[in-house]
$ cat work-v7.cif   # mmCIF, C-alpha atoms
data_input
loop_
_atom_site.label_atom_id
_atom_site.label_comp_id
_atom_site.auth_asym_id
_atom_site.auth_seq_id
_atom_site.Cartn_x
_atom_site.Cartn_y
_atom_site.Cartn_z
CA ALA X 13 -21.65 18.09 6.91
CA VAL X 14 -18.33 19.79 7.51
CA PRO X 15 -17.89 22.76 5.15
CA PRO X 16 -15.32 22.07 2.35
CA ASP X 17 -13.21 25.09 3.20
CA LEU X 18 -12.56 23.60 6.64
CA SER X 19 -11.50 20.20 5.33
CA SER X 20 -7.96 20.73 6.55
CA GLU X 21 -9.29 21.36 10.06
CA VAL X 22 -12.07 18.79 10.39
CA SER X 23 -11.88 15.58 8.39
CA PRO X 24 -15.05 14.59 6.50
CA VAL X 25 -14.17 10.89 6.50
CA SER X 26 -16.62 8.41 7.97
CA MET X 27 -15.84 6.85 11.33
CA PRO X 28 -16.31 3.09 11.71
CA ALA X 29 -18.96 2.09 14.22
CA ARG X 30 -16.29 0.28 16.19
CA ALA X 31 -12.76 1.72 16.34
CA HIS X 32 -10.47 -0.47 18.45
CA ARG X 33 -7.48 1.86 18.35
CA LEU X 34 -7.31 5.62 18.17
CA THR X 35 -4.27 6.66 16.17
CA GLY X 36 -2.70 10.09 16.34
CA ALA X 37 -4.17 10.88 12.92
CA GLN X 38 -7.66 9.90 14.07
CA LEU X 39 -7.38 11.99 17.21
CA ASP X 40 -6.36 15.02 15.17
CA ALA X 41 -8.79 14.57 12.31
CA GLY X 42 -12.09 13.57 13.90
CA PRO X 43 -15.12 11.71 12.60
CA ARG X 44 -18.27 12.08 10.62
CA LEU X 45 -20.67 10.13 12.79
CA ARG X 46 -22.34 8.04 10.12
CA ARG X 47 -22.58 4.26 10.46
CA THR X 48 -20.67 2.50 7.68
CA ASP X 49 -20.72 -1.20 8.55
CA GLY X 50 -24.21 -1.70 9.96
CA GLY X 51 -22.66 -2.88 13.20
CA ALA X 52 -21.63 -6.19 11.63
CA GLY X 53 -18.57 -7.99 12.88
CA PHE X 54 -18.77 -6.89 16.51
CA THR X 55 -21.30 -8.89 18.48
CA PRO X 56 -22.30 -8.44 22.13
CA CYS X 57 -20.45 -11.69 22.87
CA ALA X 58 -17.29 -10.28 21.33
CA ARG X 59 -17.75 -7.08 23.32
CA ARG X 60 -18.08 -9.06 26.56
CA ALA X 61 -15.03 -11.16 25.69
CA LYS X 62 -13.00 -8.01 25.08
CA ARG X 63 -14.04 -6.53 28.41
CA ARG X 64 -13.32 -9.81 30.21
CA HIS X 65 -9.84 -9.84 28.65
CA LEU X 66 -9.27 -6.34 30.01
CA GLY X 67 -10.61 -7.35 33.43
CA LEU X 68 -13.44 -4.81 33.20
CA LEU X 69 -16.51 -6.87 34.07
CA SER X 70 -17.95 -5.74 37.38
CA SER X 71 -21.14 -4.92 39.27
CA SER X 72 -20.45 -1.19 38.93
CA PRO X 73 -23.22 1.41 38.67
CA LEU X 74 -22.19 1.64 35.01
CA ARG X 75 -23.80 -1.76 34.48
CA THR X 76 -27.25 -0.40 35.30
CA PRO X 77 -29.63 0.89 32.60
CA ILE X 78 -28.63 4.35 31.46
CA LEU X 79 -31.36 5.70 29.27
CA GLY X 80 -34.44 3.88 30.51
CA ILE X 81 -37.79 4.07 28.74
CA GLY X 82 -36.74 6.84 26.38
CA LYS X 83 -33.80 5.04 24.78
CA ARG X 84 -35.56 3.78 21.64
CA PRO X 85 -36.93 7.20 20.57
CA MET X 86 -33.51 8.76 21.24
CA HIS X 87 -31.68 6.28 19.02
CA THR X 88 -34.25 6.68 16.25
CA THR X 89 -33.95 10.47 16.41
CA LEU X 90 -30.15 10.27 16.16
CA GLU X 91 -30.27 7.88 13.22
CA GLU X 92 -32.84 9.92 11.31
CA ASN X 93 -31.10 13.26 11.83
CA ASP X 94 -27.39 12.51 11.62
CA ASP X 95 -26.93 14.95 8.72
CA LEU X 96 -28.53 17.77 10.69
CA LEU X 97 -26.46 17.00 13.78
CA SER X 98 -23.34 16.89 11.60
CA ALA X 99 -24.38 20.31 10.34
CA LEU X 100 -24.43 21.56 13.93
CA HIS X 101 -20.83 20.43 14.27
CA GLY X 102 -20.09 22.15 10.96
CA ALA X 103 -21.54 25.38 12.34
CA GLU X 104 -19.25 25.00 15.34
CA ALA X 105 -16.32 24.58 12.94
CA LEU X 106 -17.25 27.78 11.09
CA TYR X 107 -17.50 29.68 14.37
CA CYS X 108 -14.34 28.33 15.97
CA ALA X 109 -12.41 25.62 14.15
CA GLY X 110 -10.29 24.81 17.21
CA THR X 111 -13.36 23.98 19.29
CA ALA X 112 -14.74 21.76 16.52
CA THR X 113 -11.55 19.73 16.03
CA HIS X 114 -11.30 19.27 19.79
CA SER X 115 -14.90 18.02 19.89
CA ALA X 116 -14.25 15.57 17.05
CA ARG X 117 -11.33 14.03 18.94
CA VAL X 118 -13.37 13.88 22.15
CA GLY X 119 -16.11 12.02 20.28
CA LEU X 120 -13.65 9.32 19.24
CA ILE X 121 -12.33 8.81 22.77
CA CYS X 122 -15.86 8.79 24.20
CA GLY X 123 -16.90 6.04 21.82
CA LEU X 124 -13.93 3.87 22.74
CA LEU X 125 -14.55 4.28 26.47
CA ALA X 126 -18.28 3.63 26.13
CA GLU X 127 -17.69 0.48 24.09
CA THR X 128 -15.18 -0.92 26.55
CA LEU X 129 -17.40 -0.11 29.51
CA GLY X 130 -20.06 -2.32 27.94
CA LEU X 131 -22.67 0.19 26.87
CA SER X 132 -25.06 -1.09 24.22
CA GLU X 133 -24.17 -0.52 20.59
CA PRO X 134 -26.80 2.24 20.11
CA ASP X 135 -25.64 3.91 23.33
CA VAL X 136 -22.03 3.85 22.12
CA ASP X 137 -23.15 5.66 18.98
CA ALA X 138 -25.09 8.16 21.12
CA MET X 139 -22.01 8.60 23.30
CA ARG X 140 -20.01 9.64 20.24
CA TRP X 141 -22.61 12.30 19.52
CA VAL X 142 -22.37 13.60 23.10
CA GLY X 143 -18.61 13.92 22.65
CA MET X 144 -18.96 15.59 19.27
CA LEU X 145 -21.53 18.11 20.52
CA HIS X 146 -20.42 18.62 24.12
CA ASP X 147 -19.17 22.16 23.37
CA ILE X 148 -21.94 23.17 20.95
CA GLY X 149 -23.11 25.72 23.53
CA LYS X 150 -19.95 27.71 22.84
CA LEU X 151 -21.75 29.08 19.82
CA ALA X 152 -23.22 31.48 22.39
CA VAL X 153 -19.77 32.53 23.66
CA ARG X 154 -18.12 35.48 21.96
CA VAL X 155 -15.48 34.24 19.52
CA GLU X 156 -12.94 36.73 20.90
CA VAL X 157 -13.32 35.05 24.28
CA LEU X 158 -12.85 31.56 22.81
CA ARG X 159 -9.71 32.66 20.97
CA LYS X 160 -8.32 34.91 23.66
CA ALA X 161 -4.61 34.56 24.39
CA GLY X 162 -4.03 34.64 28.12
CA PRO X 163 -6.19 34.12 31.21
CA LEU X 164 -9.89 34.96 31.10
CA THR X 165 -11.39 37.67 33.26
CA SER X 166 -14.02 36.66 35.80
CA GLU X 167 -16.72 38.05 33.50
CA GLU X 168 -15.40 36.08 30.54
CA TRP X 169 -15.17 32.93 32.62
CA GLU X 170 -18.80 33.26 33.69
CA GLU X 171 -19.73 33.61 30.03
CA VAL X 172 -17.86 30.41 29.13
CA LYS X 173 -19.38 28.49 32.04
CA LYS X 174 -22.85 28.89 30.53
CA HIS X 175 -22.04 26.72 27.52
CA PRO X 176 -23.14 23.34 29.00
CA ILE X 177 -26.61 24.74 29.70
CA VAL X 178 -26.87 26.46 26.32
CA GLY X 179 -25.80 23.29 24.50
CA SER X 180 -28.21 21.12 26.45
CA ASP X 181 -31.10 23.51 25.83
CA LEU X 182 -30.29 23.61 22.12
CA LEU X 183 -30.48 19.82 21.81
CA LEU X 184 -33.69 19.62 23.84
CA ALA X 185 -35.25 22.29 21.65
CA PHE X 186 -34.39 20.18 18.64
CA SER X 187 -36.10 17.09 20.10
CA PRO X 188 -37.16 16.00 23.60
CA ASN X 189 -36.06 12.51 22.53
CA LEU X 190 -32.47 13.71 22.91
CA ALA X 191 -32.83 14.20 26.67
CA ALA X 192 -30.05 11.72 27.54
CA VAL X 193 -27.67 13.31 25.03
CA ALA X 194 -28.59 16.77 26.33
CA LEU X 195 -27.97 15.66 29.93
CA GLY X 196 -24.53 14.39 28.95
CA VAL X 197 -23.72 17.72 27.34
CA ARG X 198 -24.99 19.61 30.39
CA ALA X 199 -22.97 17.42 32.78
CA HIS X 200 -19.58 17.27 31.09
CA HIS X 201 -18.05 19.81 33.49
CA GLU X 202 -19.50 18.20 36.62
CA ARG X 203 -16.91 16.60 38.89
CA TRP X 204 -17.01 13.40 40.96
CA ASP X 205 -16.56 15.33 44.23
CA GLY X 206 -19.32 17.84 43.42
CA SER X 207 -17.00 20.74 42.65
CA GLY X 208 -18.01 21.09 38.99
CA TYR X 209 -20.66 23.10 37.19
CA PRO X 210 -23.39 23.99 36.31
CA ASP X 211 -25.37 21.93 38.83
CA GLY X 212 -22.78 20.73 41.36
CA ARG X 213 -23.77 17.07 40.91
CA ASP X 214 -21.47 14.40 42.32
CA GLY X 215 -20.68 10.69 42.08
CA ILE X 216 -23.08 8.50 40.17
CA ASP X 217 -25.67 11.28 40.31
CA ILE X 218 -23.74 12.65 37.32
CA PRO X 219 -25.16 11.08 34.13
CA VAL X 220 -22.75 8.44 32.83
CA PHE X 221 -22.56 10.19 29.45
CA GLY X 222 -21.28 13.27 31.29
CA ARG X 223 -18.77 11.22 33.29
CA ILE X 224 -17.30 9.74 30.12
CA VAL X 225 -17.05 13.09 28.33
CA ALA X 226 -15.40 14.69 31.38
CA ILE X 227 -12.36 12.43 31.10
CA SER X 228 -12.17 12.55 27.30
CA ASP X 229 -12.55 16.34 27.28
CA VAL X 230 -9.87 17.04 29.87
CA PHE X 231 -7.38 14.58 28.36
CA ASP X 232 -7.68 16.10 24.90
CA ALA X 233 -7.64 19.69 26.17
CA LEU X 234 -4.43 19.03 28.10
CA THR X 235 -2.61 17.57 25.10
CA HIS X 236 -3.36 20.48 22.78
CA LYS X 237 -2.52 24.17 23.00
CA ARG X 238 -5.03 26.53 24.57
CA GLY X 239 -4.88 30.31 24.47
CA TYR X 240 -5.56 30.62 28.19
CA ARG X 241 -2.41 28.71 29.21
CA PRO X 242 1.18 28.46 27.99
CA GLY X 243 2.23 25.24 26.29
CA LYS X 244 0.54 21.86 26.57
CA PHE X 245 0.95 18.63 28.51
CA SER X 246 2.82 15.67 27.08
CA HIS X 247 0.78 12.53 26.43
CA ARG X 248 2.18 10.90 29.59
CA GLU X 249 1.59 14.00 31.74
CA ALA X 250 -2.03 14.16 30.60
CA VAL X 251 -2.57 10.46 31.35
CA GLU X 252 -1.13 10.93 34.85
CA PHE X 253 -3.33 13.97 35.42
CA VAL X 254 -6.44 11.92 34.63
CA ILE X 255 -5.31 9.01 36.82
CA GLU X 256 -4.56 11.33 39.74
CA GLY X 257 -8.02 12.86 39.38
CA ALA X 258 -9.82 9.56 40.06
CA SER X 259 -12.39 9.85 42.88
CA ARG X 260 -11.83 13.60 42.98
CA GLU X 261 -12.59 14.95 39.54
CA PHE X 262 -13.46 11.76 37.67
CA ASP X 263 -15.36 8.50 38.04
CA PRO X 264 -12.69 6.07 39.33
CA GLU X 265 -13.96 3.12 37.28
CA ILE X 266 -13.92 5.06 34.03
CA VAL X 267 -10.42 6.30 34.90
CA ARG X 268 -9.34 2.67 35.42
CA VAL X 269 -10.71 1.74 32.00
CA PHE X 270 -9.07 4.79 30.39
CA ALA X 271 -5.70 3.94 31.97
CA GLU X 272 -5.86 0.31 30.90
CA LEU X 273 -6.79 1.20 27.33
CA GLU X 274 -3.96 3.71 27.19
CA ARG X 275 -1.51 1.17 28.63
CA ARG X 276 -2.48 -1.26 25.88
CA GLY X 277 -1.99 1.39 23.21
CA ALA X 278 -5.66 1.88 22.32
CA ILE X 279 -5.32 5.63 22.87
CA ALA X 280 -2.32 6.63 20.85
CA GLN X 281 -0.33 9.82 21.22
CA SER X 282 -1.88 12.71 19.35
CA GLY X 283 0.30 15.16 17.51
CA GLY X 284 -0.66 18.57 16.22
CA PRO X 285 -1.39 21.90 17.93
#
$ encode --input "work-v7.cif" --output "structure tokens"
Amino acid sequence: AVPPDLSSEVSPVSMPARAHRLTGAQLDAGPRLRRTDGGAGFTPCARRAKRRHLGLLSSSPLRTPILGIGKRPMHTTLEENDDLLSALHGAEALYCAGTATHSARVGLICGLLAETLGLSEPDVDAMRWVGMLHDIGKLAVRVEVLRKAGPLTSEEWEEVKKHPIVGSDLLLAFSPNLAAVALGVRAHHERWDGSGYPDGRDGIDIPVFGRIVAISDVFDALTHKRGYRPGKFSHREAVEFVIEGASREFDPEIVRVFAELERRGAIAQSGGP
């Protein structure tokens, strides 16, 4: 759970299993990833109808199975340990509140993208966890580096670049059943053209969880202040940056879905620092 003394930084409110619009307040507050409605009221048929309305049904690689044989154990592990995983996010908040609030917002956007792309209901929930914990490896980065004002040195940058591996290893150490979640965390800085890190994967070789987080992570980072750069992007500038990165930095289909959702107002402007 999020520590009480950080309640002004990370909201402890529960997040609905299906959020059809992300308001500015939601993007700034962030979720507790506990199911509250049992999944009722949003059937697979309704999900398909929504995607058909958006023109998103296709034979894309995203339609193929994502988690394979290990999906049932992974979902069970997430459901049985949501308090402990929330505690991990709380530890992140204690270490660096800015990183934790960013991760909470990323989790919300990831869930919306995953739902619209047609991932199964349990996979959408898992996708939210990937977003929430994508930066958990920054617990191994010195806090003075995370909070540094101004550009990082090459040594500091190399330290930061280790966080996807550290986060992935942490989740795998907790349970091998979380392999798909761990892979998403490890892959969230990979890029469509192979220019990312830590493994230089490209295209659909990048786990889909990682491809979804990549867009959500960059969009949120651009629209909020960071010590290593002056100012921040406007909502529209950040949207255009993501769109222009299609087929270079980001999966073009996920970018298309992101842009359509934003055009329809599903991803609202986020205020705050």
$ resolve_selection --input "work-v7.cif" --expression "the PyMOL selection byres ((chain X and resi 212) around 12)" --output "list of chain:residue names"
X:Arg198, X:Ala199, X:His200, X:His201, X:Glu202, X:Arg203, X:Trp204, X:Asp205, X:Gly206, X:Ser207, X:Gly208, X:Tyr209, X:Pro210, X:Asp211, X:Arg213, X:Asp214, X:Gly215, X:Asp217, X:Ile218, X:Glu261
$ closest_residue --input "work-v7.cif" --among "X:Val251, X:Leu182, X:Glu92, X:Arg154" --to "Trp169 (chain X)" --atoms "all atoms listed in the file"
X:Arg154
$ resolve_selection --input "work-v7.cif" --expression "the PyMOL selection byres ((chain X and resi 155) around 12)" --output "list in words"
Glu104, Ala105, Leu106, Tyr107, Cys108, Ala109, Gly110, Thr111, Lys150, Leu151, Ala152, Val153, Arg154, Glu156, Val157, Leu158, Arg159, Lys160, Ala161, Glu168, Glu171 and Val172 of chain X
$ atom_distance --input "work-v7.cif" --atom1 "CA of Leu97 (chain X)" --atom2 "CA of Ile279 (chain X)"
25.7 Å
$ axis_aligned_box --input "work-v7.cif" --around "region 182-188 of chain X" --padding-each-side "5 Å" --output "lines of an AutoDock Vina configuration file"
center_x = -33.7
center_y = 19.8
center_z = 21.2
size_x = 16.9
size_y = 17.6
size_z = 15.2
$ resolve_selection --input "work-v7.cif" --expression "the PyMOL selection byres ((chain X and resi 143) around 7)" --output "PDB file with C-alpha atoms, in the frame of the given file"
ATOM      1  CA  SER X 115     -14.900  18.020  19.890  1.00  0.00           C
ATOM      2  CA  VAL X 118     -13.370  13.880  22.150  1.00  0.00           C
ATOM      3  CA  GLY X 119     -16.110  12.020  20.280  1.00  0.00           C
ATOM      4  CA  CYS X 122     -15.860   8.790  24.200  1.00  0.00           C
ATOM      5  CA  MET X 139     -22.010   8.600  23.300  1.00  0.00           C
ATOM      6  CA  ARG X 140     -20.010   9.640  20.240  1.00  0.00           C
ATOM      7  CA  TRP X 141     -22.610  12.300  19.520  1.00  0.00           C
ATOM      8  CA  VAL X 142     -22.370  13.600  23.100  1.00  0.00           C
ATOM      9  CA  MET X 144     -18.960  15.590  19.270  1.00  0.00           C
ATOM     10  CA  LEU X 145     -21.530  18.110  20.520  1.00  0.00           C
ATOM     11  CA  HIS X 146     -20.420  18.620  24.120  1.00  0.00           C
ATOM     12  CA  VAL X 225     -17.050  13.090  28.330  1.00  0.00           C
TER      13      VAL X 225
END
$ closest_residue --input "work-v7.cif" --among "X:Ile121, X:Ala278, X:Ala126, X:Ala112" --to "Asp147 (chain X)" --atoms "only C-alpha atoms"
X:Ala112
$ atom_distance --input "work-v7.cif" --atom1 "CA of Val267 (chain X)" --atom2 "CA of Asp229 (chain X)"
12.8 Å
$ closest_residue --input "work-v7.cif" --among "X:Arg223, X:Phe186, X:Leu234, X:Val197" --to "Ala258 (chain X)" --atoms "all atoms listed in the file"
X:Arg223
$ closest_residue --input "work-v7.cif" --among "X:Ile266, X:Val254, X:Leu183, X:Ala271" --to "Ile216 (chain X)" --atoms "only C-alpha atoms"
X:Ile266
$ atom_distance --input "work-v7.cif" --atom1 "CA of Pro264 (chain X)" --atom2 "CA of Asp181 (chain X)"
28.7 Å
$ closest_residue --input "work-v7.cif" --among "X:Leu164, X:Ala191, X:Leu131, X:Val230" --to "Thr89 (chain X)" --atoms "only C-alpha atoms"
X:Ala191
$ closest_residue --input "work-v7.cif" --among "X:Ile148, X:Ala138, X:Ala194, X:Leu125" --to "Ala99 (chain X)" --atoms "all atoms listed in the file"
X:Ile148
$ build_atoms --input "work-v7.cif" --residues "region 153-179 of chain X" --atoms "N, CA, C and O atoms" --output "short mmCIF file (atom, residue, chain, number, x, y, z; two decimals), in the frame of the given file"
data_model
loop_
_atom_site.label_atom_id
_atom_site.label_comp_id
_atom_site.auth_asym_id
_atom_site.auth_seq_id
_atom_site.Cartn_x
_atom_site.Cartn_y
_atom_site.Cartn_z
N VAL X 153 -20.89 31.83 23.03
CA VAL X 153 -19.77 32.53 23.66
C VAL X 153 -19.08 33.38 22.59
O VAL X 153 -18.84 32.91 21.47
N ARG X 154 -18.78 34.61 22.93
CA ARG X 154 -18.12 35.48 21.96
C ARG X 154 -16.83 34.84 21.44
O ARG X 154 -16.04 34.31 22.22
N VAL X 155 -16.63 34.91 20.12
CA VAL X 155 -15.48 34.24 19.52
C VAL X 155 -14.17 34.83 20.04
O VAL X 155 -13.16 34.13 20.18
N GLU X 156 -14.17 36.13 20.37
CA GLU X 156 -12.94 36.73 20.90
C GLU X 156 -12.58 36.15 22.27
O GLU X 156 -11.41 36.12 22.65
N VAL X 157 -13.59 35.70 23.00
CA VAL X 157 -13.32 35.05 24.28
C VAL X 157 -12.76 33.65 24.04
O VAL X 157 -11.79 33.24 24.69
N LEU X 158 -13.33 32.91 23.09
CA LEU X 158 -12.85 31.56 22.81
C LEU X 158 -11.41 31.57 22.30
O LEU X 158 -10.66 30.62 22.56
N ARG X 159 -11.05 32.60 21.58
CA ARG X 159 -9.71 32.66 20.97
C ARG X 159 -8.74 33.52 21.76
O ARG X 159 -7.60 33.75 21.32
N LYS X 160 -9.16 33.99 22.89
CA LYS X 160 -8.32 34.91 23.66
C LYS X 160 -7.00 34.26 24.08
O LYS X 160 -6.97 33.13 24.55
N ALA X 161 -5.92 35.01 23.91
CA ALA X 161 -4.61 34.56 24.39
C ALA X 161 -4.41 35.11 25.80
O ALA X 161 -4.47 36.31 26.01
N GLY X 162 -4.20 34.23 26.74
CA GLY X 162 -4.03 34.64 28.12
C GLY X 162 -5.23 34.31 28.97
O GLY X 162 -6.27 33.87 28.45
N PRO X 163 -5.10 34.49 30.28
CA PRO X 163 -6.19 34.12 31.21
C PRO X 163 -7.46 34.91 30.94
O PRO X 163 -7.43 36.06 30.50
N LEU X 164 -8.60 34.29 31.23
CA LEU X 164 -9.89 34.96 31.10
C LEU X 164 -10.17 35.81 32.33
O LEU X 164 -9.75 35.49 33.44
N THR X 165 -10.90 36.89 32.13
CA THR X 165 -11.39 37.67 33.26
C THR X 165 -12.53 36.90 33.93
O THR X 165 -13.07 35.94 33.36
N SER X 166 -12.92 37.33 35.12
CA SER X 166 -14.02 36.66 35.80
C SER X 166 -15.31 36.75 34.99
O SER X 166 -16.10 35.80 34.93
N GLU X 167 -15.52 37.89 34.33
CA GLU X 167 -16.72 38.05 33.50
C GLU X 167 -16.68 37.09 32.31
O GLU X 167 -17.70 36.46 31.98
N GLU X 168 -15.54 36.99 31.68
CA GLU X 168 -15.40 36.08 30.54
C GLU X 168 -15.57 34.63 30.97
O GLU X 168 -16.18 33.83 30.26
N TRP X 169 -15.05 34.30 32.13
CA TRP X 169 -15.17 32.93 32.62
C TRP X 169 -16.63 32.57 32.89
O TRP X 169 -17.08 31.46 32.58
N GLU X 170 -17.37 33.50 33.46
CA GLU X 170 -18.80 33.26 33.69
C GLU X 170 -19.54 33.06 32.38
O GLU X 170 -20.47 32.25 32.29
N GLU X 171 -19.13 33.78 31.34
CA GLU X 171 -19.73 33.61 30.03
C GLU X 171 -19.46 32.20 29.48
O GLU X 171 -20.36 31.52 28.98
N VAL X 172 -18.23 31.74 29.61
CA VAL X 172 -17.86 30.41 29.13
C VAL X 172 -18.60 29.33 29.90
O VAL X 172 -19.04 28.32 29.32
N LYS X 173 -18.76 29.52 31.20
CA LYS X 173 -19.38 28.49 32.04
C LYS X 173 -20.86 28.23 31.71
O LYS X 173 -21.42 27.23 32.16
N LYS X 174 -21.46 29.10 30.92
CA LYS X 174 -22.85 28.89 30.53
C LYS X 174 -23.01 27.89 29.40
O LYS X 174 -24.11 27.44 29.10
N HIS X 175 -21.91 27.51 28.74
CA HIS X 175 -22.04 26.72 27.52
C HIS X 175 -22.64 25.33 27.71
O HIS X 175 -23.34 24.85 26.82
N PRO X 176 -22.46 24.64 28.86
CA PRO X 176 -23.14 23.34 29.00
C PRO X 176 -24.66 23.48 29.01
O PRO X 176 -25.36 22.63 28.45
N ILE X 177 -25.16 24.53 29.65
CA ILE X 177 -26.61 24.74 29.70
C ILE X 177 -27.14 25.13 28.32
O ILE X 177 -28.16 24.61 27.86
N VAL X 178 -26.44 26.03 27.65
CA VAL X 178 -26.87 26.46 26.32
C VAL X 178 -26.90 25.28 25.35
O VAL X 178 -27.86 25.08 24.60
N GLY X 179 -25.86 24.45 25.38
CA GLY X 179 -25.80 23.29 24.50
C GLY X 179 -26.91 22.29 24.78
O GLY X 179 -27.54 21.76 23.87
#
